[in-house]
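Following: one structure in structure tokens, then a few remarks.
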Amino acid sequence: MKPVFIALDFADKKTAISFLEPFANIDHLAVKIGMELFYKEGPSIVKELRSRGIEVFLDLKLHDIPHTVQQAAKQISQLDVQYTTIHALGGSKMIQAARLGLDEDAKASGSIAPKLLAVTQLTSTSEEQLNQEEQINGKIDDSVTHLANLAHDNGADGVICSALEDEFIHKKVNAEFICINPGIRLANNNKDDQQRVVTPEKARQLGAYGIVVGRSITQSDAPVKTYQDIYNTLNGGQN
Ligand code: C5P
């Protein structure tokens, strides 16, 4: 089944855990922990969620020299998370180092390494910013394709990208490459700070492996029902 990662963009463990209480009987629950919550609570929040059988996507977006990333990836692998992220812009050697760090630990402990996902261009980056601030000429889609290929060729399992990029990544990189899509909104939701938003139904049609949903669930009046509706839609149900 395709995962719906609830983005736990909360300030602390207490708030995150109390939000999740009504989800106690849901199977296949998956969450994304980002920098905000992890920098506050550290590994203890991961441990707590894993002890409840929840899949964890630890989104720390590593980007540093290869040796540092390898050692950090080794630490992340020991946390028993199922997915983690790096920036593809760190380059081929850094991507390989991340892969090595995750695999080294998994091999030593006999566990399954977390899936390694790369951020290509952040969805908040505009083409103008790419050209003028980063001095990368050309179209943003070409940069996304290039970085997705770099990630693929150096050992990443997939990318985090807009659902609107899934089709060309599957065509130009690899049909099996994992595409996990944030920027999801229900038809009646506010876009907030997201620019190019896509509904869960559209993400399914475009080939999402899984989606990340934050505020549409966390700020819903009925978070469990909203989650279930989104999960069913993504997995081809009626909602
Ligand atoms: O509330 P919302 O559904 O917009 O939350 C989306 C989540 O996905 C946030 O945790 C955000 O940091 C993350 N994300 C994103 N765009 C990316 C990568 C991650 O929105 N390109």
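For the structure tokens, the naming scheme is as follows: chains receive sequential letters (A, B, ...) according to their order of presentation, residues are indexed from 1 within each chain, and ligands are indexed from 1 in presentation order.
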**Asked** Leaving out segment 143-151 of chain A and any residue of its chain fewer than 3 positions from it, which residues lie within 10 Å of it when counting only C-alpha atoms, given as number ranges by chain?
**Response** A: 86-92, 94-96, 116-122, 127, 130, 136-140, 154-161, 165, 168-174, 177, 179
**Request:** From segment 149-217 of chain A, collect each residue whose DSSP state is helix (DSSP H, G or I) and return the set as a count of residues only.
**Result:** 25
**Message:** Taking only C-alpha atoms and all ligand atoms into account, which residues have an atom no farther than 8 Å from ligand 1? I'd like them as a ChimeraX atom specification.
**Reply:** /A:7-9,32-34,59,119,121-124,160-162,181-185,191-194,212-218
**Prompt:** Looking only at the backbone, which of the residues in segment 80-131 of chain A does DSSP tag as strand (DSSP E), as number ranges by chain?
**Reply:** A: 83-87, 115-119
**Asked** Can you tell me how far atom CA of Asn188 of chain A sits from atom CA of Val224 of chain A, in Å to one decimal?
**Response**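 Atom-to-atom, atom CA of Asn188 of chain A and atom CA of Val224 of chain A are spaced 17.3 Å apart.
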**Message:** Can you measure atom CA of Ser126 of chain A to atom CA of Gln205 of chain A for me? One decimal in Å is fine.
**Reply:**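 So the two atoms, atom CA of Ser126 of chain A and atom CA of Gln205 of chain A, lie 25.0 Å apart.
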Find the nearest atom pair between each residue of segment 53-134 of chain A and segment 36-49 of chain A for residues within 10 Å, count only C-alpha atoms, give distances in Å to one decimal, sort rows by chain and ascending number, and present the table as a Markdown table.
| residue | atom | partner | partner_atom | distance |
| --- | --- | --- | --- | --- |
| A:Gly53 | CA | A:Leu49 | CA | 6.7 |
| A:Ile54 | CA | A:Leu49 | CA | 5.5 |
| A:Glu55 | CA | A:Leu49 | CA | 7.8 |
| A:Val56 | CA | A:Val46 | CA | 7.1 |
| A:Phe57 | CA | A:Val46 | CA | 9.4 |
| A:Leu58 | CA | A:Phe38 | CA | 8.4 |
| A:Asp59 | CA | A:Phe38 | CA | 9.0 |
| A:Leu60 | CA | A:Phe38 | CA | 8.4 |
| A:Ile76 | CA | A:Pro43 | CA | 9.0 |
| A:Gln78 | CA | A:Pro43 | CA | 9.8 |
| A:Leu79 | CA | A:Pro43 | CA | 6.9 |
| A:Asp80 | CA | A:Val46 | CA | 8.1 |
| A:Val81 | CA | A:Val46 | CA | 7.5 |
**Request:** Name the closest residue to Arg99 of chain A among the candidates A:Asp27, A:Asp142, A:Asp153, A:Glu176; distances are taken between atoms, counting only C-alpha atoms.
**Result:** A:Asp153
**Request:** Would you mind listing what lies within 9 Å of segment 226-230 of chain A as a list in words, with only C-alpha atoms counted and same-chain residues fewer than 2 positions away left out?
**Result:**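 The residues that qualify are Val4, Ile6, Ile26, Leu186, Pro200, Glu201, Val213, Ser216, Ile217, Ser220, Asp221, Ala222, Pro223, Val224, Asn232, Thr233, Leu234, Asn235, Gly237, Gln238 and Asn239 of chain A.
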**Prompt:** So which residues touch Ile112 of chain A within 9 Å, counting only C-alpha atoms, skipping near sequence neighbours fewer than 3 positions away, as number ranges by chain?
**Reply:** A: 77, 80, 82, 103, 106-107, 109, 115
**From A:His67, A:Lys202, A:His28, A:Lys61, residue lying nearest Thr84 of chain A [only C-alpha atoms]** =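 So, comparing all the options, the nearest one is A:Lys61.
If you measure from each of A:Ala98, A:Gly236, A:Asp166, A:Lys225 to Pro22 of chain A using only C-alpha atoms, the closest one turns out to be A:Lys225.
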